[in-house]
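To start, the structure under review is shown below, and the notes come after it.
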Amino acid sequence: MITESISKYSYINKSIPRIDSTDKVGGYLLYLTDLKLENALYAYTFRSKVAHGKINAIYTEDAEKVNGVKAVLTYKDIPAMNGYGAIVPEIPVLAYDKVRYYGEPLALVAAETQEAALEALSMIKADITPLPVIHSIDEALDENAPKIHDKGNIARHTVVRKGDVEKARSSAYIVLERSYETPMQKHMFLEPEGGVAFVDEEGAINVLAGGQTPYRDRIQISRVLGIPPEKIRVKNTPTGGAFGGKDDITVQIHLALLAYKTKRPVKLVWSREESGIAGFHRTASKIKLRTSVDRDGSLLSNEATIYLDSGAYQSFGPTILDVSIETINGPYRIPNYVIDANLVYTNNGIASAFRGFGAPESNFAIESMMNELADELKLDPIDLRLKNILKTGEVGPFNNEIRHAEGLEEALKRAKELFYRPDPTGPFQRTGVGIAVSVKGVGFGTLPEFPSAAIEIAPEGRVSIMFSNVDYGQGINTGNAQLVAEKLQIPLSQINVLHSDTKFAPDTGGSSASRSTFNAGNALLLACEKALSELKMEAASYFMTKSDVITYKDGYFYFKDKTVSIYELAKRLRFKGKSTRFEATLEVPRYTEAVEGTLEVPHMVYMYGVIITKVEIDELLGKIKPREVDFIADIGNVINPAIAAGQIEGGIIQGLGYSLIEELNYDKDGKPLNINYTTYVVPVITDSPLINVEFIKSYEELGPFGAKGVGEVSIIPVGASVADAVTDAIGKRNYKLPLLPWRII
Amino acid sequence: MSYEKVEVYSPRSLAEALEILSQKKEHIKPVAGGTDVMVMLKDGVVKEKELLNLSYISELSYIKEKESRILIGAATKYREIRRSPIINAYAPILIEAVRQIGSPQIQNLGTIGGNLGTASPAGDSIPPLYVLNARVKLQKIGTSREVQIDKFFLGPRKTVKEPDELITEISVDKMEPGSYYFFEKLGLRSANAISIVSAAGIINLENKTVKYLRLSLGAVAPTVIRATDAEEEAKGKELSEDLIDRIAKLASEATKPISDIRGTAEYRKKATYGIVYEALYRIFKGYGKKIEYGFEKTS
């Protein structure tokens, strides 16, 4: 249920249909993998069939002889650095000394026809000496385990602490010690990784591929090719789904390399199975908690050991680990804690960003712990949380002053009215209700960020807005257009969005960390202010008066009985040879220092949510049916309630898949077993429960028109709430996701 | 991913198809709908370089009555079975199963003969065929034979069909008026899922006494199986919760499941018990589905 309250705004707080919906629903929109370039070569990737091994040789001679083949590239053909990775560039573009996961790319082929390319692909031979395969965190930690990297199997280890946990624990009323596990999850976006590349008439390499962060992609391409970033253009839109899985490099460098080498347009699209084998996934986790409470329910201490499975390389692993550290204390007042956090290498593909980014893993642990503590204390789980949540102005566990925590308190109080066990629908059915709280920082925490955005006012009567965040389905184009419409007080129809293209849009960063509305929105509003200030002076010149006596309303400047539109003024500026493009840069508000032992903890602005999940379980079959989910969200002021609710519903369904059925599996040789929609089962629409989304009235002064962010908040607490509901139904607590039927009965 | 070219023969008549088959034998793969074969071809499981496409042979697509039997052409699509008044009237258990196969897209292309040819123990049209005493007609040039459905399958992807034979027809019993029936399928999601366990049953009651029970189970053994011990146990006894418990236990004991990513062997045994118990319990409590002749419903 979404209710639009009476709003003082004209274009925000409104469920305006997405500006791109006609093209998408009508099937007119061409995604980047739909593009057909004239004279393009077909490209394919030769992948390792060994999950862990030493490369002795790669034989490409026979492949090169195939008629129509224009390039067969190996690591030897990489002009500069053979590495990429969003945080540490340690992932080989093409493997050279070792392979570390099944499907790791060893060579690239480009040919005039698909047939020639595939024939060449079949003629490449790799001589690899297999090494023992590491399947899990436990195996990786074994002291006799083979080392996946020279430095060992721990990619990052850090300890973050505060207070005296031993002392706190010794005086506690209850101390609970529990271990939790969560699986690897695949993104399963509808459009697999892919795109096209070509060298344009100016010699610049154009890479048009589904991605999330065009400027970082450009830097990563530049390092590999050894050519300056300005000679590379990256366009990431439109992208058919991403969820974090396209935040790091997928096909972009391979495409650029092939176009650079062949000087021909190239198309490279991964098959669904390749996406399954070589695409990214969510880190698996093993988390041990020892948490203590006082007799009245006050949390005294939290001791956490976190292990995340990064797979063969790091990608975003180090910062994912940071978010898992920040999430493990929940939104709670915890005076004493020790967090021992570890990022571990295995031969399980590569883990990377996925909606929630380390938070769903830790949230499952701490929120399951809160529910069990409530049981032990014989306290209502909502009351236990109300007692422990941090209040506005308090200093949180990571030394941050808490902003706007009223929303969470209000959401918890509302949750009390929704927290009841439904009646079973028939025999053999048991029902249960569960709860969990979500908290997630918006953006990159203490890491400095300076996103830029621009608007251009065209005399023809249109305002173009430009930013580099990608709309991969979440609706950022519409949201940002609404913000600009509100600021300039002009109809949405006059706004044109140019985004995620390094040729046209300034560097606003990427679409990740629920940051796009906050960062791009704020930067666009600054650009609007700049434009209005400049135009006001032009209006003063037009009215032959001083700018401070001029007023602005609905796209027009007013002086006495005279008016002039922004478009008329834009025409005057152009006539004078001035630009009508206004760019501004935002200094993202943040704490300057990260907590010792972390890279980016804490954040300044947090999204909150409370989830109530009602399930029905068939006691003979162990099958869990989520019947109803309530989500009460504090995401700041809501720019577009329908789109925001869509994000929350999508996150819940993706979270239910993660909680109930989804789990990426590898066999004993390290080969992934479920790599397509038949074998990797995601929920379908008929699996969706009835979802009720409610928004707390909230306003974050730091955000654009009071907005925070929304993309990740709902997926985070699903696991703990489902597990809690299952406990309520069958009386047995589960500590491992997904809750597959054979783990229930 | 396979890249080799595949040659497709698309005959317009059965005679032509049998002729091609008699020449090519095991070198050509018959395909009727392709919802399995095309996937297997891509995965390299189908090795044949030639396909015999049966989709254009209209004489293999029919549903007709013949006394107490129903004859179904092998290339009859699931969609046509779902919409058939004859099947709706006399073998609705088949509709229960067919409407749960894959998605509408699969049902628009997939065929009943194709499901038999694939010979997966998880094929959802097969358990109902077991309890409908189906016979499979195998034809080659100049001759044909009929095989009882429980003699047709040898194992996963293995049947008694010779390389020069074609599945041309499936015939089933009409269900007796007043029979209760069910097809239950357990998958990891509510639609478009591969069965972890499935069960089909027809039970004929006289007052409360079981005249006969026919019960088959899918995805729990190398082929679909009949739970004959359970059927024997039920015969002549009054339906009760206790009897249902015994039937479900015997059904569970009849299974020989494997563990895979869709479920453990142990779970499949438990779930077999559950699925059979719940289906019979519904009938016992009066919520079961019952066949009434002359009433043609559409689904």
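Chain labels A, B, ... are given in the sequence in which chains occur in the structure tokens; within each chain residues are numbered consecutively from 1, and ligands are likewise numbered from 1 in the order shown.
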
| task | Enumerate the residues of region 104-292 of chain B with a DSSP assignment of alpha helix (DSSP H), computed from the backbone, and present them as a VMD selection string. | result | chain B and resid 104 to 109 112 to 118 126 to 131 149 to 152 228 to 234 241 to 253 265 to 284

Find the residues near Ser61 (chain B): any atom within 6 Å, counting only C-alpha atoms, skip ones fewer than 6 places away on the same chain, and give them as a compact mmCIF listing (two decimals) with C-alpha atoms, in the first residue's frame.
```
# COMPACT_ATOMS: atom_id res chain seq x y z
CA GLY B 73 -0.76 -38.42 -31.27
CA ALA B 75 3.34 -34.67 -31.56
CA THR B 76 0.31 -33.30 -29.69
```

| task | Compile the residues of chain A that lie within 6 Å of chain B, evaluated using only C-alpha atoms, and express the compilation as a list in words. | result | Leu620, Leu621, Asp687 and Trp742 of chain A

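Atom to atom, CA of Tyr75 (chain A) and CA of Glu104 (chain A) stand 12.4 Å apart.
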
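Closest approach to Asn236 (chain A) among A:Thr517, A:Asn496, A:Thr291, A:Thr33: A:Thr33, based on only C-alpha atoms.
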
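Atom pair CA of Gln429 (chain A) / CA of Lys285 (chain B) has a distance of 15.6 Å (rounded to one decimal).
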
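Residues lying within 9 Å of region 45-47 of chain B, counting only C-alpha atoms and ignoring same-chain neighbours fewer than 6 positions away, are His27, Lys29, Val37, Met38 and Val39 of chain B.
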
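Using only C-alpha atoms, the protein and nucleic acid residues lying no more than 7 Å from Ser714 (chain A), apart from those fewer than 6 places from it along its own chain, are Gly609, Ile648, Gly651 and Ile652 of chain A.
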
Next, dump the selected residues to file, keeping only N, CA and C atoms, as a PDB file, in the first residue's frame.
```
ATOM      1  N   GLY A 609      14.830   0.502   8.007  1.00  0.00           N
ATOM      2  CA  GLY A 609      13.606  -0.210   7.651  1.00  0.00           C
ATOM      3  C   GLY A 609      13.278  -1.246   8.702  1.00  0.00           C
ATOM      4  N   ILE A 648      11.631  -1.317  -3.153  1.00  0.00           N
ATOM      5  CA  ILE A 648      11.511  -2.065  -1.900  1.00  0.00           C
ATOM      6  C   ILE A 648      10.916  -3.448  -2.166  1.00  0.00           C
ATOM      7  N   GLY A 651      13.547  -5.639  -3.835  1.00  0.00           N
ATOM      8  CA  GLY A 651      14.546  -6.072  -2.852  1.00  0.00           C
ATOM      9  C   GLY A 651      14.010  -7.183  -1.967  1.00  0.00           C
ATOM     10  N   ILE A 652      12.740  -7.096  -1.613  1.00  0.00           N
ATOM     11  CA  ILE A 652      12.140  -8.131  -0.764  1.00  0.00           C
ATOM     12  C   ILE A 652      12.088  -9.464  -1.514  1.00  0.00           C
TER      13      ILE A 652
END
```

| message | So that I can see what lies close to Glu96 (chain B), please list as a ChimeraX atom specification the residues with an atom at most 9 Å from it, counting only C-alpha atoms and leaving out residues fewer than 6 positions away in the same chain. | response | /B:82,128,182-184

Write the residues of the preceding selection, restricted to C-alpha atoms, as a PDB file, in the first residue's frame.
```
ATOM      1  CA  ARG B  82      -4.906 -28.766 -21.789  1.00  0.00           C
ATOM      2  CA  PRO B 128      -0.339 -39.631 -14.861  1.00  0.00           C
ATOM      3  CA  PHE B 182      -4.580 -36.002  -8.039  1.00  0.00           C
ATOM      4  CA  PHE B 183      -1.312 -34.875  -9.488  1.00  0.00           C
ATOM      5  CA  GLU B 184       0.958 -33.166  -7.000  1.00  0.00           C
TER       6      GLU B 184
END
```

| message | Give me, as a PyMOL selection string, all polymer residues having an atom no more than 12 Å from Ala513 (chain A), counting only C-alpha atoms and skipping those fewer than 3 positions away in the same chain. | response | chain A and resi 212-213+243-244+247+316+319-320+323+353-359+440-445+469+509-510+516-519+603+605-607+708-713

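Using only C-alpha atoms, the nearest neighbour of Ala485 (chain A) within the list A:Asn347, A:Ser275, A:Asn676, A:Ser464 is A:Ser464.
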
| request: For CA of Glu16 (chain B) and CA of Val172 (chain B), quote the distance in Å rounded to one decimal. | output: 26.7 Å

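Residues with any atom within 8 Å of region 64-67 of chain A, counting only C-alpha atoms and excluding same-chain neighbours fewer than 3 positions away, are A:Thr60, A:Glu61, A:Lys70, A:Ala71, A:Val72, A:Ala116, A:Glu119, A:Ala120.
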